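Visitor: The following block contains the structure, expressed as structure tokens.
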Amino acid sequence: MTQTVSINNNQRLQLEPLSTPERLLLGPGPSNAHPAVLQAMNTPPLGHLDPAFLAVMDEIQSLLRYVWQTENPLTIAVSGTGTAAMEATIANAVEPGDVVLVGVIGYFGNRLVDMAGRYGADVRSITKPWGQVFSLEELRTALQTHRPTILALVHAETSTGACQPLEGVGELCREFGCLLLIDTVTSLGGVPIFLDEWGIDLAYSCSQKGLGCPPGASPFTMSPRAVEKLQQRRTKVANWYLDMTLLHKYWGSERVYHHTAPINMYYALREALRLIAEEGVENSWRRHQENVEYLWQSLEDIGLSLHVQREYRLPTLTTVRIPEGVDGKAIARQLLLEHNIEIGGGLGELAGQVWRVGLMGFNSRKENVDRLIEALQQVLP
Ligand code: PLP
């Protein structure tokens with residue numbers, strides 16, 4: 001072969017094989033994956049249409065229904081992170097002109113507002129100060145005012161640590177003839193949720209938090225009511241990759257190629273879900289609650305205070321007030337570099353005011369709380 005162009009070696013790094021520090025990930029996510037999940041991820045890939053792999057996909061669908069407590073036939077894992085599953089939900093549920101009412105209690109509610117607007121929705125929003133949640137009465141008034149096609153809420157607002165109560169919201173939505181869309185990214189696996197019982201029509205999540213898996217394969221589900229709306233669309237879903245009318249042909253009985261599934265991510269998700277089924281989802285919820293209560297007490301014992309009123313605190317994510325005069329960023333950096341512990345800083349309105357501490361999935365364990373408290377005592381002035 002005659003080579004006329006010379007090779008540019010500027011970017012040709014000569015590297016050692018990958019080696020990363022061992023961190024304890026106690027931020028807003030990702031959390032550490034369960035070792036068995038990482039091991040499953042190491043299984044050699046199969047073809048994405050191999051019957052053995054299709055069986056893995058079926059198992060994922062069933063286990064996702066279990067952790068969400070739903071019988072929705074259209075329940076799959078989206079190839080991508082939580083935001084891809086969020087986008088899949090909006091892209092499939094929203095038609096241009098639909099009135100979408102978003103209850104904003106923090107950063108991720110605002111992301112829903114932005115996304116729904118990009119898909120042509122007539123977006124209306126109601127807001128609460130960051131750290132608070134909506135009452136049923138407030139939601140009823142908003143539904144009366146806006147008469148939306150879809151009400152969208154964030155169950156577990158990762159930016160504030162608040163848990164939006166959902167009981168009764170599904171009935172309200174039926175009364176007003178709208179669909180209920182819920183972000184369960186920071187709740188699935190760690191916070192009690194009963195999708196069918198609570199009348200939730202659309203939900204999505206992620207793999208890297210309460211499920212104890214690396215990021216990259218994200219739960220998605222639609223109720224038969226939501227599927228009916230999808231089937232009656234006048235316009236095509238404006239996102240080819242996330243179009244459920246195409247994707248369900250791969251996940252459903254037709255088994256038609258749509259995209260090459262991230263095979264090893266699906267292995268990991270299957271193992272993470274298998275572990276929750278082995279533990280029992282109600283036991284996983286209880287474990288998260290018990291360990292977070294131990295965290296709250298331990299933080300208060302060392303003189304720190306928590307941002308959210310106890311009744312509405314999440315079992316998965318706690319916002320801790322940064323004491324007056326303390327450099328929150330510097331403390332988080334010290335925890336990371338000197339103690340190998342990651343915690344998160346505040347986001348949006350709470351930037352500089354709080355730290356965010358996650359106890360999710362495999363990481364929701366007492367010994368992790370002890371390790372964090374010990375390290376905090378060393379780095380706090
Ligand atoms: N929604 C909520 C409530 C989240 O906490 C996150 C991420 O933290 C997302 C959506 C987006 O998920 P991802 O970062 O996996 O894309």
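By order in the structure tokens, chains are A, B, ...; within a chain, residues start at 1; ligands start at 1, following the order shown.
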Each residue of chain A lying at most 9 Å from ligand 1 should get a row with its shortest atom-to-atom pair and the distance in Å to one decimal, counting only C-alpha atoms and all ligand atoms; could you produce that, ordered by chain and increasing number, as a Markdown table?
Guide:
```
| residue | atom | partner | partner_atom_place_in_ligand_line | distance |
| --- | --- | --- | --- | --- |
| A:Pro28 | CA | ligand 1 | 8 (O) | 6.4 |
| A:Gly29 | CA | ligand 1 | 8 (O) | 6.2 |
| A:Pro30 | CA | ligand 1 | 8 (O) | 8.0 |
| A:Gly80 | CA | ligand 1 | 16 (O) | 7.6 |
| A:Thr81 | CA | ligand 1 | 15 (O) | 4.1 |
| A:Gly82 | CA | ligand 1 | 12 (O) | 3.5 |
| A:Thr83 | CA | ligand 1 | 16 (O) | 3.6 |
| A:Ala84 | CA | ligand 1 | 16 (O) | 6.4 |
| A:Ala85 | CA | ligand 1 | 16 (O) | 7.9 |
| A:Met86 | CA | ligand 1 | 10 (C) | 6.8 |
| A:Gly106 | CA | ligand 1 | 3 (C) | 8.9 |
| A:Tyr107 | CA | ligand 1 | 3 (C) | 8.1 |
| A:Phe108 | CA | ligand 1 | 1 (N) | 5.3 |
| A:Gly109 | CA | ligand 1 | 3 (C) | 7.9 |
| A:Arg111 | CA | ligand 1 | 10 (C) | 8.0 |
| A:Leu112 | CA | ligand 1 | 1 (N) | 8.6 |
| A:Val154 | CA | ligand 1 | 3 (C) | 6.2 |
| A:His155 | CA | ligand 1 | 3 (C) | 7.5 |
| A:Ala156 | CA | ligand 1 | 3 (C) | 5.9 |
| A:Glu157 | CA | ligand 1 | 3 (C) | 5.1 |
| A:Thr158 | CA | ligand 1 | 5 (O) | 4.6 |
| A:Ser159 | CA | ligand 1 | 5 (O) | 7.1 |
| A:Asp183 | CA | ligand 1 | 1 (N) | 6.0 |
| A:Thr184 | CA | ligand 1 | 3 (C) | 6.6 |
| A:Val185 | CA | ligand 1 | 2 (C) | 4.9 |
| A:Thr186 | CA | ligand 1 | 5 (O) | 5.4 |
| A:Ser187 | CA | ligand 1 | 3 (C) | 8.3 |
| A:Tyr204 | CA | ligand 1 | 1 (N) | 8.6 |
| A:Ser205 | CA | ligand 1 | 10 (C) | 7.4 |
| A:Cys206 | CA | ligand 1 | 15 (O) | 5.5 |
| A:Ser207 | CA | ligand 1 | 15 (O) | 7.6 |
| A:Gln208 | CA | ligand 1 | 15 (O) | 7.2 |
| A:Lys209 | CA | ligand 1 | 8 (O) | 8.4 |
| A:Pro215 | CA | ligand 1 | 15 (O) | 6.4 |
| A:Gly216 | CA | ligand 1 | 15 (O) | 7.5 |
| A:Ala217 | CA | ligand 1 | 15 (O) | 9.0 |
| A:Ser218 | CA | ligand 1 | 15 (O) | 7.8 |
```
Visitor: Just how far from CA of Tyr294 in chain A is CA of Glu271 in chain A, in Å to one decimal?
Guide: 27.8 Å
Visitor: Would you pick out the contacts of range 39-44 of chain A at 12 Å or less, using only C-alpha atoms, so that residues sharing its chain but fewer than 6 positions from it are not included, and give the list as a PyMOL selection string?
Guide: chain A and resi 33+53+56+213-216+262-275
Visitor: Between A:Val78, A:His146, A:Thr245, A:Gln297, which is the closest to Asp370 in chain A once you count only C-alpha atoms?
Guide: A:Gln297
Visitor: Quick one: residues within 12 Å of Gly252 in chain A, only C-alpha atoms, excluding same-chain residues fewer than 6 positions away - as a PyMOL selection string?
Guide: chain A and resi 54-55+57-58+61+73-76+244-246+258
Visitor: Please, could you write that set of residues out with N, CA, C and O atoms as a JSON list (two decimals), in the first residue's frame?
Guide:
```json
[["chain", "number", "residue", "atom", "x", "y", "z"],
["A", 54, "LEU", "N", -31.99, -12.94, 24.08],
["A", 54, "LEU", "CA", -33.41, -12.52, 24.12],
["A", 54, "LEU", "C", -34.05, -12.99, 25.42],
["A", 54, "LEU", "O", -34.90, -12.30, 26.00],
["A", 55, "ALA", "N", -33.60, -14.14, 25.91],
["A", 55, "ALA", "CA", -34.13, -14.64, 27.19],
["A", 55, "ALA", "C", -33.72, -13.71, 28.32],
["A", 55, "ALA", "O", -34.51, -13.44, 29.24],
["A", 57, "MET", "N", -33.24, -10.52, 28.03],
["A", 57, "MET", "CA", -34.11, -9.34, 27.91],
["A", 57, "MET", "C", -35.48, -9.59, 28.54],
["A", 57, "MET", "O", -36.02, -8.74, 29.24],
["A", 58, "ASP", "N", -36.02, -10.80, 28.31],
["A", 58, "ASP", "CA", -37.33, -11.14, 28.90],
["A", 58, "ASP", "C", -37.24, -11.11, 30.42],
["A", 58, "ASP", "O", -38.15, -10.64, 31.10],
["A", 61, "GLN", "N", -37.26, -7.57, 31.67],
["A", 61, "GLN", "CA", -38.61, -6.98, 31.61],
["A", 61, "GLN", "C", -39.46, -7.41, 32.81],
["A", 61, "GLN", "O", -40.12, -6.60, 33.46],
["A", 73, "PRO", "N", -47.25, -4.45, 30.16],
["A", 73, "PRO", "CA", -46.50, -5.24, 29.16],
["A", 73, "PRO", "C", -45.33, -4.43, 28.59],
["A", 73, "PRO", "O", -44.24, -4.97, 28.42],
["A", 74, "LEU", "N", -45.55, -3.13, 28.31],
["A", 74, "LEU", "CA", -44.45, -2.35, 27.72],
["A", 74, "LEU", "C", -43.54, -1.82, 28.82],
["A", 74, "LEU", "O", -43.69, -0.69, 29.31],
["A", 75, "THR", "N", -42.61, -2.68, 29.23],
["A", 75, "THR", "CA", -41.65, -2.35, 30.27],
["A", 75, "THR", "C", -40.30, -2.84, 29.75],
["A", 75, "THR", "O", -40.12, -4.03, 29.52],
["A", 76, "ILE", "N", -39.38, -1.91, 29.54],
["A", 76, "ILE", "CA", -38.10, -2.29, 28.92],
["A", 76, "ILE", "C", -36.96, -1.51, 29.57],
["A", 76, "ILE", "O", -37.18, -0.66, 30.43],
["A", 244, "MET", "N", -40.93, 4.06, 20.82],
["A", 244, "MET", "CA", -41.42, 2.78, 21.34],
["A", 244, "MET", "C", -42.19, 1.98, 20.30],
["A", 244, "MET", "O", -42.30, 0.77, 20.41],
["A", 245, "THR", "N", -42.74, 2.66, 19.28],
["A", 245, "THR", "CA", -43.44, 1.89, 18.25],
["A", 245, "THR", "C", -42.45, 1.02, 17.46],
["A", 245, "THR", "O", -42.81, 0.01, 16.90],
["A", 246, "LEU", "N", -41.17, 1.45, 17.46],
["A", 246, "LEU", "CA", -40.13, 0.64, 16.81],
["A", 246, "LEU", "C", -39.46, -0.28, 17.84],
["A", 246, "LEU", "O", -39.25, -1.46, 17.58],
["A", 258, "HIS", "N", -33.41, -3.35, 16.00],
["A", 258, "HIS", "CA", -33.62, -1.90, 16.05],
["A", 258, "HIS", "C", -32.29, -1.21, 16.23],
["A", 258, "HIS", "O", -31.91, -0.35, 15.45]]
```
Visitor: Please provide the set of residues having any atom within 9 Å of Val369 in chain A, restricted to only C-alpha atoms, with same-chain residues fewer than 4 positions apart removed, written as a PyMOL selection string.
Guide: chain A and resi 291-292+294-295+298+359+364-365+373-374
Visitor: Return as number ranges by chain the full set of residues in range 60-123 of chain A whose backbone-based DSSP assignment is helix (DSSP H, G or I).
Guide: A: 60-68, 82-93, 107-118
Visitor: Quick one: residues within 9 Å of Arg225 in chain A, only C-alpha atoms, excluding same-chain residues fewer than 5 positions away - as a list in words?
Guide: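 The residues satisfying every condition are Leu179, Asp201 and Leu230 of chain A.
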